[in-house]
Amino acid sequence: MNKQLNPSASLADLARKLGACQDCSSLAGEGKGFRLSGRQSIYEVLDTLVAILFPGCHGLNNLPLSQHLEAIESRLQSVAQTLTGQIEQAFRYQCVFDQCKDCADCKGKAAAAVDTLLASLVQVKETLQQDIVAAYEGDPAARSYMEVVMSYPGVQAMIVHRIAHVLYQSQVPLIPRIMAEHAHSQTGIDIHPGATIGPGFFIDHGTGVVIGETTTIGKRVKLYQGVTLGALSFPKDKDGNLIKGIKRHPHVEDDVTIYAGATILGGGTTIGEGSEIGGNVWLTHSVPPHSKVYNQQPKPLITNKHLDPS
Amino acid sequence: MNKQLNPSASLADLARKLGACQDCSSLAGEGKGFRLSGRQSIYEVLDTLVAILFPGCHGLNNLPLSQHLEAIESRLQSVAQTLTGQIEQAFRYQCVFDQCKDCADCKGKAAAAVDTLLASLVQVKETLQQDIVAAYEGDPAARSYMEVVMSYPGVQAMIVHRIAHVLYQSQVPLIPRIMAEHAHSQTGIDIHPGATIGPGFFIDHGTGVVIGETTTIGKRVKLYQGVTLGALSFPKDKDGNLIKGIKRHPHVEDDVTIYAGATILGGGTTIGEGSEIGGNVWLTHSVPPHSKVYNQQPKPLITNKHLDPS
Amino acid sequence: MNKQLNPSASLADLARKLGACQDCSSLAGEGKGFRLSGRQSIYEVLDTLVAILFPGCHGLNNLPLSQHLEAIESRLQSVAQTLTGQIEQAFRYQCVFDQCKDCADCKGKAAAAVDTLLASLVQVKETLQQDIVAAYEGDPAARSYMEVVMSYPGVQAMIVHRIAHVLYQSQVPLIPRIMAEHAHSQTGIDIHPGATIGPGFFIDHGTGVVIGETTTIGKRVKLYQGVTLGALSFPKDKDGNLIKGIKRHPHVEDDVTIYAGATILGGGTTIGEGSEIGGNVWLTHSVPPHSKVYNQQPKPLITNKHLDPS
């Protein structure tokens with residue numbers, strides 16, 4: 001059952017075999033001279049960004065107010081520097097992976113992406129405050145805004161999404177997806193950083209929600225746990241490879257509510273404004289504004305051997 | 001596409017804009033003189049409480065038995081002190097948020113809530129041991145109690161819930177919900193700290209389970225992944241605001257089993273004792289004791305182009 | 001509402017009550033002289049193993065290539081030593097729990113299990129590379145292999161599973177399950193370490209997937225979020241106890257795709273090769289090769305009060 005190793009002699013041999021894979025394939029890239037950040041260092045940048053946006057809840061809570069602005073500024077500086085380096089490496093990796101000819105601009109593209117992110121932060125924060133108010137007003141269990149910011153998974157996922165989406169718009173490889181999947185890991189909510197989502201968005205409970213890359217969502221939309229906004233099928237090119245980059249996911253207009261477990265699929269599917277989509281509904285075509293779409297629930301079979309047994 | 005920032009000059013300006021939001025709204029509270037703990041410090045208190053309850057699995061494992069009691073006592077002291085301060089700040093925040101007139105008692109209410117929690121710990125541990133036995137006996141894959149305590153997400157969620165629920169009963173704001181959402185993040189199981197749950201409770205697998213604030217559950221109940229015990233609708237007051245604080249979630253009597261993906265909704269819905277609710281059942285009305293409720297599963301369409309191709 | 005404690009005097013008393021439970025039952029085992037590792041130390045071993053397998057993404061990224069092999073070797077040494085001790089304690093705990101008569105071999109069995117794991121690592125890595133390629137080719141949103149390795153929850157769950165499964169095959173108690181549940185916590189994907197899964201396996205999105213202990217899966221199988229490969233019922237012995245260790249979960253042949261939310265149950269259920277199982281399908285019997293199994297989706301009721309309101 002086990003192939004015995006001689007522990008002292010064979011670990012070096014095993015390291016050699018495992019290490020050899022390292023520079024043998026496009027899976028690694030170590031041999032090509034760039035150094036990607038580990039995930040942990042990207043999570044740290046993300047945490048710092050969240051602390052910049054919500055210092056009262058997520059970071060600066062023991063600082064006197066007088067040192068507030070200094071602390072935010074110093075964190076901005078730290079994020080700008082670290083993230084620029086990380087993004088440059090990500091661009092360089094993607095260039096090599098895509099076998100593009102011109103890698104000279106990776107440094108400049110990284111600096112521009114970070115500038116764009118910083119220039120967006122005030123807007124990001126304002127939009128998130130609309131998300132927070134939507135959560136507070138949409139959930140009878142919510143007791144305060146602070147509770148919403150500090151504990152609601154839907155809000156946490158959106159804080160990360162609104163940051164990651166800005167980086168995605170600057171076509172930064174790797175990093176926005178790593179941020180999004182970190183939020184997915186923490187919340188059970190899987191939002192691709194490519195999704196475009198209007199303000200006042202609220203996901204309640206959230207576990208199992210999937211929102212695909214090319215989804216577009218209007219204002220004041222509310223989702224419950226287990227909702228999928230997904231692709232219906234994946235067109236292939238003449239060589240049988242999946243075609244990447246076309247609209248594959250639905251469009252949801254303003255003021256729509258989608259209840260738990262509903263599945264809405266397809267890039268041509270539009271949910272008209274003000275519509276309500278019921279629990280577990282399966283929808284692969286558009287519905288006009290102000291539709292109410294509900295399953296006729298299967299009537300469950302109830303059997304009962306002993307009524308009121310003692 | 002990007003609005004260029006002059007990095008050196010503009011970070012101070014950006015910090016000022018982001019910082020200004022800080023004391024301008026009820027989203028922050030920094031300006032009002034209280035300091036909420038970050039989430040991390042609440043997670044640390046929770047981890048210490050878990051280590052107190054299960055030192056063999058979650059904390060003291062390298063101590064000689066002779067130092068066992070000392071270690072537990074010193075952890076109790078540390079929890080009591082830290083948590084009292086955190087709860088006081090939470091009460092103070094909630095008072096300001098609710099614009100209540102009398103904030104003088106926050107310190108006293110915090111001390112009383114911590115005393116109540118400490119006085120409940122022996123009972124909490126005894127109840128959890130019944131949950132652990134239920135998990136071991138209810139899952140053919142379970143090999144030992146220790147495996148159940150150290151790895152079962154349903155048990156982990158209940159350890160946190162039984163602590164958070166005691167704090168919720170003392171009307172502690174913020175902190176029980178932050179604890180519950182931490183467990184949700186780790187397990188995919190979303191139990192509002194308000195839910196009242198009897199001993200011998202077991203959730204298998206657990207991802208996607210939602211148990212609402214006013215749910216009440218009897219003894220020896222078993223749930224599978226994806227079960228929702230939720231609200232059917234949210235009554236509004238005459239101003240159109242959601243009414244908070246009424247019973248919105250089901251009552252589940254003793255010895256009920258609810259299979260994966262079932263959805264049971266409404267504050268007037270009671271599942272009678274000894275009942276079995278099948279997978280994916282959707283139920284918005286009460287069923288009497290010893291009911292068996294199953295969907296007639298839709299007969300799937302099976303097509304088959306090539307039978308037994310080579 | 002609260003039973004007041006005298007804080008100074010009563011914490012010692014409370015520690016005594018809580019500590020007393022410690023050596024009174026089979027839940028603890030502290031009194032029996034072995035010391036289990038906490039979960040954290042098992043997660044650390046797991047992280048080191050992942051860093052050994054994917055140093056470019058998960059660990060050694062700032063090392064010059066010249067020190068690569070040394071670093072891998074030193075990590076192998078550290079894992080071998082720590083894990084051997086952890087496994088020995090796990091075997092000893094299980095022996096006592098099972099009241100087996102012969103505990104003398106725990107040390108030897110631990111050394112053999114670690115040797116087997118180390119001897120499997122090259123194969124584990126090769127199989128994982130097939131999983132990575134399957135993910136990249138199966139998802140139109142994937143931009144590079146590195147993105148897949150660093151961010152895809154399905155890949156992360158499989159990295160852990162392929163390690164944990166080797167330990168499970170050596171009948172190591174506790175530790176493989178703790179590893180699997182750690183991955184479950186991070187990804188929402190619950191794969192029991194006993195499941196046997198062929199190469200080229202891809203789980204997209206993943207939240208809510210459950211794969212039971214005795215599941216067997218062929219090559220190039222693809223699952224989506226919320227798929228359950230579970231047990232249909234749990235046979236009991238004549239004393240009414242669950243029978244552990246029989247095949248309770250399905251067999252899935254090569255090249256099968258199973259869409260989101262499908263539930264496939266039972267140890268006698270085989271999904272024939274090349275089949276497609278549609279979203280939310282509920283299946284408790286076998287289907288032949290190349291079947292396409294789809295629900296006739298319930299036609300949702302669409303009502304619409306105001307068409308095109310202004």
# chains A, B, ... in the order shown; residues from 1 in each chain; ligands from 1
$ residues_around --residues "segment 260-277 of chain A" --least-positions-apart "2" --cutoff "6 Å" --atoms "only C-alpha atoms" --output "PyMOL selection string"
chain A and resi 224-232+247-258+279-293
$ write_last_selection --atoms "C-alpha atoms" --output "PDB file, in the first residue's frame"
ATOM      1  CA  TYR A 224     -31.787  36.588  -1.881  1.00  0.00           C
ATOM      2  CA  GLN A 225     -29.570  33.559  -1.224  1.00  0.00           C
ATOM      3  CA  GLY A 226     -28.959  31.024  -3.969  1.00  0.00           C
ATOM      4  CA  VAL A 227     -29.852  33.271  -6.935  1.00  0.00           C
ATOM      5  CA  THR A 228     -27.902  32.544 -10.133  1.00  0.00           C
ATOM      6  CA  LEU A 229     -27.482  35.130 -12.897  1.00  0.00           C
ATOM      7  CA  GLY A 230     -25.663  32.845 -15.271  1.00  0.00           C
ATOM      8  CA  ALA A 231     -24.848  31.710 -18.794  1.00  0.00           C
ATOM      9  CA  LEU A 232     -27.209  29.514 -20.773  1.00  0.00           C
ATOM     10  CA  LYS A 247     -22.331  38.872 -23.314  1.00  0.00           C
ATOM     11  CA  ARG A 248     -23.405  35.590 -21.739  1.00  0.00           C
ATOM     12  CA  HIS A 249     -25.318  36.773 -18.643  1.00  0.00           C
ATOM     13  CA  PRO A 250     -28.664  38.564 -18.010  1.00  0.00           C
ATOM     14  CA  HIS A 251     -29.598  42.211 -17.766  1.00  0.00           C
ATOM     15  CA  VAL A 252     -31.656  43.154 -14.686  1.00  0.00           C
ATOM     16  CA  GLU A 253     -33.378  46.552 -14.757  1.00  0.00           C
ATOM     17  CA  ASP A 254     -34.068  48.937 -11.839  1.00  0.00           C
ATOM     18  CA  ASP A 255     -36.117  47.991  -8.766  1.00  0.00           C
ATOM     19  CA  VAL A 256     -36.245  44.247  -9.415  1.00  0.00           C
ATOM     20  CA  THR A 257     -36.493  41.730  -6.546  1.00  0.00           C
ATOM     21  CA  ILE A 258     -35.324  38.141  -7.088  1.00  0.00           C
ATOM     22  CA  GLY A 279     -38.268  31.523  -5.255  1.00  0.00           C
ATOM     23  CA  ASN A 280     -36.722  28.751  -7.379  1.00  0.00           C
ATOM     24  CA  VAL A 281     -38.064  30.170 -10.665  1.00  0.00           C
ATOM     25  CA  TRP A 282     -36.037  29.033 -13.715  1.00  0.00           C
ATOM     26  CA  LEU A 283     -36.025  31.712 -16.410  1.00  0.00           C
ATOM     27  CA  THR A 284     -34.217  31.752 -19.744  1.00  0.00           C
ATOM     28  CA  HIS A 285     -36.211  34.448 -21.563  1.00  0.00           C
ATOM     29  CA  SER A 286     -36.977  38.122 -20.989  1.00  0.00           C
ATOM     30  CA  VAL A 287     -39.972  39.419 -19.032  1.00  0.00           C
ATOM     31  CA  PRO A 288     -41.497  42.909 -19.450  1.00  0.00           C
ATOM     32  CA  PRO A 289     -41.422  45.605 -16.744  1.00  0.00           C
ATOM     33  CA  HIS A 290     -43.513  45.028 -13.607  1.00  0.00           C
ATOM     34  CA  SER A 291     -43.883  41.287 -14.189  1.00  0.00           C
ATOM     35  CA  LYS A 292     -44.510  38.964 -11.274  1.00  0.00           C
ATOM     36  CA  VAL A 293     -43.052  35.554 -12.071  1.00  0.00           C
TER      37      VAL A 293
END
$ select_by_dssp --residues "segment 263-296 of chain B" --states "strand (DSSP E or B)" --output "compact mmCIF listing (two decimals) with C-alpha atoms, in the first residue's frame"
# COMPACT_ATOMS: atom_id res chain seq x y z
CA THR B 263 -37.94 25.90 2.16
CA ILE B 264 -40.33 26.49 5.07
CA LEU B 265 -41.69 29.99 5.43
CA THR B 270 -45.65 24.88 12.53
CA ILE B 271 -44.02 21.55 11.60
CA GLU B 276 -40.19 14.38 7.82
CA ILE B 277 -39.91 17.13 5.17
CA TRP B 282 -41.70 24.34 -0.46
CA LEU B 283 -44.00 24.74 2.53
CA VAL B 287 -48.43 20.22 8.97
CA SER B 291 -46.43 14.04 8.66
CA LYS B 292 -44.26 12.91 5.79
CA VAL B 293 -44.11 15.67 3.19
CA TYR B 294 -42.49 14.83 -0.14
$ residues_around --residues "Glu181 of chain C" --least-positions-apart "6" --cutoff "8 Å" --atoms "only C-alpha atoms" --output "list in words"
Ser151, Tyr152 and Pro153 of chain B; Asp190 of chain C
$ write_last_selection --atoms "all heavy atoms" --output "tab-separated table (two decimals), in the first residue's frame"
chain	number	residue	atom	x	y	z
B	151	SER	N	-14.32	19.11	13.19
B	151	SER	CA	-14.46	19.34	11.76
B	151	SER	C	-15.89	19.58	11.27
B	151	SER	O	-16.05	20.05	10.15
B	151	SER	CB	-13.84	18.18	10.97
B	151	SER	OG	-14.65	17.02	11.05
B	152	TYR	N	-16.93	19.30	12.05
B	152	TYR	CA	-18.27	19.41	11.48
B	152	TYR	C	-18.77	20.86	11.48
B	152	TYR	O	-18.90	21.48	12.54
B	152	TYR	CB	-19.25	18.52	12.26
B	152	TYR	CG	-19.25	17.09	11.77
B	152	TYR	CD1	-18.05	16.42	11.57
B	152	TYR	CD2	-20.42	16.42	11.49
B	152	TYR	CE1	-18.03	15.11	11.10
B	152	TYR	CE2	-20.42	15.12	11.02
B	152	TYR	CZ	-19.22	14.47	10.83
B	152	TYR	OH	-19.21	13.18	10.36
B	153	PRO	N	-19.08	21.40	10.30
B	153	PRO	CA	-19.52	22.80	10.27
B	153	PRO	C	-20.81	23.02	11.04
B	153	PRO	O	-20.99	24.08	11.65
B	153	PRO	CB	-19.70	23.08	8.77
B	153	PRO	CG	-19.69	21.76	8.08
B	153	PRO	CD	-18.96	20.81	8.95
C	190	ASP	N	-18.05	20.77	-0.30
C	190	ASP	CA	-17.91	19.77	0.75
C	190	ASP	C	-17.62	18.41	0.10
C	190	ASP	O	-18.53	17.72	-0.35
C	190	ASP	CB	-19.25	19.75	1.53
C	190	ASP	CG	-19.30	18.73	2.65
C	190	ASP	OD1	-18.38	17.90	2.75
C	190	ASP	OD2	-20.28	18.77	3.42
$ atom_distance --atom1 "atom CA of Lys101 of chain A" --atom2 "atom CA of Ala135 of chain C"
26.1 Å
$ atom_distance --atom1 "atom CA of His182 of chain A" --atom2 "atom CA of His161 of chain A"
10.4 Å
$ closest_atom_pairs --of "chain C" --to "chain A" --cutoff "6 Å" --atoms "only C-alpha atoms" --output "JSON lines"
{"residue": "C:Gly56", "atom": "CA", "partner": "A:Ala28", "partner_atom": "CA", "distance": 5.9}
{"residue": "C:Cys57", "atom": "CA", "partner": "A:Gly38", "partner_atom": "CA", "distance": 5.6}
{"residue": "C:His58", "atom": "CA", "partner": "A:Gly38", "partner_atom": "CA", "distance": 5.5}
{"residue": "C:Asn61", "atom": "CA", "partner": "A:Arg35", "partner_atom": "CA", "distance": 6.0}
{"residue": "C:Leu69", "atom": "CA", "partner": "A:Ala15", "partner_atom": "CA", "distance": 5.8}
{"residue": "C:Ile72", "atom": "CA", "partner": "A:Ala15", "partner_atom": "CA", "distance": 5.5}
{"residue": "C:Glu73", "atom": "CA", "partner": "A:Ala15", "partner_atom": "CA", "distance": 5.1}
{"residue": "C:Asp115", "atom": "CA", "partner": "A:Leu5", "partner_atom": "CA", "distance": 5.8}
{"residue": "C:Thr116", "atom": "CA", "partner": "A:Asn2", "partner_atom": "CA", "distance": 4.8}
{"residue": "C:Pro140", "atom": "CA", "partner": "A:Lys244", "partner_atom": "CA", "distance": 4.9}
{"residue": "C:Tyr145", "atom": "CA", "partner": "A:Leu27", "partner_atom": "CA", "distance": 5.8}
{"residue": "C:Glu147", "atom": "CA", "partner": "A:Leu174", "partner_atom": "CA", "distance": 5.3}
{"residue": "C:Ser151", "atom": "CA", "partner": "A:Ile178", "partner_atom": "CA", "distance": 5.0}
{"residue": "C:Gln186", "atom": "CA", "partner": "A:Ser185", "partner_atom": "CA", "distance": 4.9}
{"residue": "C:Thr187", "atom": "CA", "partner": "A:Ser185", "partner_atom": "CA", "distance": 5.3}
{"residue": "C:Thr207", "atom": "CA", "partner": "A:Gly208", "partner_atom": "CA", "distance": 5.3}
{"residue": "C:Pro300", "atom": "CA", "partner": "A:Asn295", "partner_atom": "CA", "distance": 4.6}
{"residue": "C:Leu301", "atom": "CA", "partner": "A:Tyr294", "partner_atom": "CA", "distance": 5.2}
{"residue": "C:Ile302", "atom": "CA", "partner": "A:Val293", "partner_atom": "CA", "distance": 4.5}
{"residue": "C:Thr303", "atom": "CA", "partner": "A:Lys292", "partner_atom": "CA", "distance": 5.2}
{"residue": "C:Asn304", "atom": "CA", "partner": "A:Ser291", "partner_atom": "CA", "distance": 4.5}
$ residues_around --residues "Ser78 of chain C" --least-positions-apart "4" --cutoff "12 Å" --atoms "only C-alpha atoms" --output "ChimeraX atom specification"
/A:7,11 /C:44-49,52,71-74,82-85,114
$ write_last_selection --atoms "N, CA and C atoms" --output "compact mmCIF listing (two decimals), in the first residue's frame"
# COMPACT_ATOMS: atom_id res chain seq x y z
N PRO A 7 13.70 8.34 4.31
CA PRO A 7 13.42 9.74 4.56
C PRO A 7 14.63 10.66 4.36
N LEU A 11 14.18 12.95 0.39
CA LEU A 11 13.48 14.24 0.35
C LEU A 11 14.13 15.18 -0.67
N GLU C 44 -1.81 24.56 9.10
CA GLU C 44 -0.46 25.02 8.74
C GLU C 44 0.29 23.96 7.93
N VAL C 45 0.15 22.71 8.33
CA VAL C 45 0.75 21.63 7.55
C VAL C 45 0.17 21.62 6.13
N LEU C 46 -1.15 21.79 6.06
CA LEU C 46 -1.81 21.80 4.76
C LEU C 46 -1.30 22.94 3.89
N ASP C 47 -1.20 24.12 4.47
CA ASP C 47 -0.68 25.28 3.71
C ASP C 47 0.73 25.00 3.20
N THR C 48 1.53 24.36 4.02
CA THR C 48 2.90 24.06 3.59
C THR C 48 2.89 23.06 2.43
N LEU C 49 2.04 22.07 2.51
CA LEU C 49 1.92 21.11 1.40
C LEU C 49 1.49 21.81 0.11
N ILE C 52 4.35 23.62 -1.30
CA ILE C 52 5.29 22.69 -1.95
C ILE C 52 4.82 22.36 -3.36
N ALA C 71 14.43 25.21 -0.63
CA ALA C 71 13.23 25.63 0.10
C ALA C 71 12.19 24.52 0.09
N ILE C 72 12.01 23.88 -1.07
CA ILE C 72 11.03 22.78 -1.14
C ILE C 72 11.48 21.65 -0.22
N GLU C 73 12.75 21.33 -0.26
CA GLU C 73 13.23 20.23 0.58
C GLU C 73 13.03 20.55 2.05
N SER C 74 13.32 21.77 2.43
CA SER C 74 13.19 22.09 3.85
C SER C 74 11.73 22.07 4.28
N THR C 82 6.26 17.19 11.40
CA THR C 82 5.06 17.64 12.12
C THR C 82 3.89 16.71 11.89
N LEU C 83 3.69 16.34 10.64
CA LEU C 83 2.52 15.53 10.30
C LEU C 83 2.62 14.13 10.92
N THR C 84 3.82 13.58 11.00
CA THR C 84 3.97 12.26 11.62
C THR C 84 3.49 12.29 13.06
N GLY C 85 3.88 13.34 13.78
CA GLY C 85 3.43 13.46 15.17
C GLY C 85 1.92 13.63 15.27
N VAL C 114 2.76 8.90 6.32
CA VAL C 114 3.49 10.07 5.82
C VAL C 114 4.38 9.68 4.64
$ select_by_dssp --residues "segment 45-137 of chain A" --states "alpha helix (DSSP H)" --output "PyMOL selection string"
chain A and resi 45-53+55-58+68-97+106-137
$ residues_around --residues "segment 120-128 of chain B" --least-positions-apart "5" --cutoff "7 Å" --atoms "only C-alpha atoms" --output "PyMOL selection string"
(chain B and resi 53+159+162+199) or (chain C and resi 18)
$ atom_distance --atom1 "atom CA of His68 of chain B" --atom2 "atom CA of Glu88 of chain C"
23.0 Å
$ residues_around --residues "Phe202 of chain C" --least-positions-apart "4" --cutoff "7 Å" --atoms "only C-alpha atoms" --output "NGL selection string"
:C and (131 or 134-135 or 154 or 221-223)
$ write_last_selection --atoms "all heavy atoms" --output "short mmCIF file (atom, residue, chain, number, x, y, z; two decimals), in the first residue's frame"
data_model
loop_
_atom_site.label_atom_id
_atom_site.label_comp_id
_atom_site.auth_asym_id
_atom_site.auth_seq_id
_atom_site.Cartn_x
_atom_site.Cartn_y
_atom_site.Cartn_z
N ASP C 131 -6.53 18.89 -13.64
CA ASP C 131 -7.71 19.61 -13.13
C ASP C 131 -7.63 21.09 -13.53
O ASP C 131 -8.64 21.71 -13.88
CB ASP C 131 -7.77 19.52 -11.60
CG ASP C 131 -7.93 18.09 -11.09
OD1 ASP C 131 -8.47 17.24 -11.82
OD2 ASP C 131 -7.50 17.82 -9.95
N ALA C 134 -8.48 21.57 -17.12
CA ALA C 134 -9.92 21.40 -17.30
C ALA C 134 -10.68 22.66 -16.89
O ALA C 134 -11.63 23.07 -17.56
CB ALA C 134 -10.42 20.21 -16.49
N ALA C 135 -10.26 23.30 -15.82
CA ALA C 135 -10.91 24.53 -15.36
C ALA C 135 -10.71 25.65 -16.39
O ALA C 135 -11.65 26.36 -16.75
CB ALA C 135 -10.37 24.95 -14.00
N GLY C 154 -13.02 25.73 -6.97
CA GLY C 154 -13.06 24.32 -7.33
C GLY C 154 -11.67 23.71 -7.37
O GLY C 154 -11.47 22.55 -7.00
N VAL C 221 -14.82 14.88 -15.53
CA VAL C 221 -16.19 15.19 -15.10
C VAL C 221 -16.26 16.65 -14.69
O VAL C 221 -15.28 17.20 -14.17
CB VAL C 221 -16.61 14.24 -13.96
CG1 VAL C 221 -17.88 14.72 -13.26
CG2 VAL C 221 -16.80 12.83 -14.53
N LYS C 222 -17.41 17.29 -14.99
CA LYS C 222 -17.58 18.71 -14.66
C LYS C 222 -18.86 18.90 -13.86
O LYS C 222 -19.93 18.44 -14.26
CB LYS C 222 -17.65 19.52 -15.96
CG LYS C 222 -17.75 21.02 -15.78
CD LYS C 222 -17.69 21.72 -17.15
CE LYS C 222 -17.74 23.23 -16.99
NZ LYS C 222 -17.72 23.91 -18.31
N LEU C 223 -18.75 19.58 -12.73
CA LEU C 223 -19.92 19.89 -11.89
C LEU C 223 -20.06 21.40 -11.76
O LEU C 223 -19.08 22.13 -11.77
CB LEU C 223 -19.76 19.36 -10.46
CG LEU C 223 -19.43 17.93 -10.16
CD1 LEU C 223 -19.54 17.68 -8.64
CD2 LEU C 223 -20.36 17.00 -10.90
#
$ decode --residues "segment 188-207 of chain C" --atoms "N, CA and C atoms" --output "compact mmCIF listing (two decimals), in the first residue's frame"
# COMPACT_ATOMS: atom_id res chain seq x y z
N GLY C 188 -16.98 26.54 0.19
CA GLY C 188 -18.37 26.10 0.12
C GLY C 188 -18.56 24.76 -0.55
N ILE C 189 -17.44 24.08 -0.87
CA ILE C 189 -17.47 22.78 -1.54
C ILE C 189 -17.11 21.70 -0.52
N ASP C 190 -18.05 20.77 -0.30
CA ASP C 190 -17.91 19.77 0.75
C ASP C 190 -17.62 18.41 0.10
N ILE C 191 -16.35 18.06 0.01
CA ILE C 191 -15.95 16.77 -0.55
C ILE C 191 -15.41 15.92 0.58
N HIS C 192 -16.06 14.81 0.88
CA HIS C 192 -15.52 13.91 1.91
C HIS C 192 -14.21 13.33 1.42
N PRO C 193 -13.19 13.24 2.28
CA PRO C 193 -11.88 12.74 1.82
C PRO C 193 -11.92 11.32 1.27
N GLY C 194 -12.99 10.60 1.56
CA GLY C 194 -13.10 9.25 1.02
C GLY C 194 -13.45 9.18 -0.46
N ALA C 195 -14.00 10.24 -1.03
CA ALA C 195 -14.45 10.20 -2.43
C ALA C 195 -13.27 9.96 -3.38
N THR C 196 -13.51 9.11 -4.39
CA THR C 196 -12.48 8.76 -5.37
C THR C 196 -12.79 9.51 -6.66
N ILE C 197 -11.87 10.39 -7.10
CA ILE C 197 -12.17 11.31 -8.19
C ILE C 197 -11.05 11.27 -9.23
N GLY C 198 -11.41 11.02 -10.48
CA GLY C 198 -10.43 10.94 -11.56
C GLY C 198 -9.86 12.29 -11.96
N PRO C 199 -8.85 12.28 -12.85
CA PRO C 199 -8.20 13.52 -13.27
C PRO C 199 -9.08 14.36 -14.21
N GLY C 200 -8.72 15.64 -14.36
CA GLY C 200 -9.46 16.52 -15.25
C GLY C 200 -10.81 16.90 -14.70
N PHE C 201 -10.92 16.91 -13.36
CA PHE C 201 -12.19 17.19 -12.68
C PHE C 201 -12.31 18.69 -12.45
N PHE C 202 -13.49 19.28 -12.76
CA PHE C 202 -13.68 20.71 -12.57
C PHE C 202 -15.04 21.01 -11.95
N ILE C 203 -15.02 21.78 -10.86
CA ILE C 203 -16.25 22.27 -10.22
C ILE C 203 -16.29 23.77 -10.43
N ASP C 204 -17.28 24.28 -11.16
CA ASP C 204 -17.36 25.72 -11.39
C ASP C 204 -18.23 26.37 -10.30
N HIS C 205 -17.80 27.54 -9.83
CA HIS C 205 -18.47 28.30 -8.76
C HIS C 205 -18.43 27.52 -7.44
N GLY C 206 -19.13 26.41 -7.39
CA GLY C 206 -18.89 25.45 -6.33
C GLY C 206 -19.70 25.55 -5.07
N THR C 207 -20.16 26.73 -4.69
CA THR C 207 -20.85 26.84 -3.40
C THR C 207 -22.00 25.83 -3.31
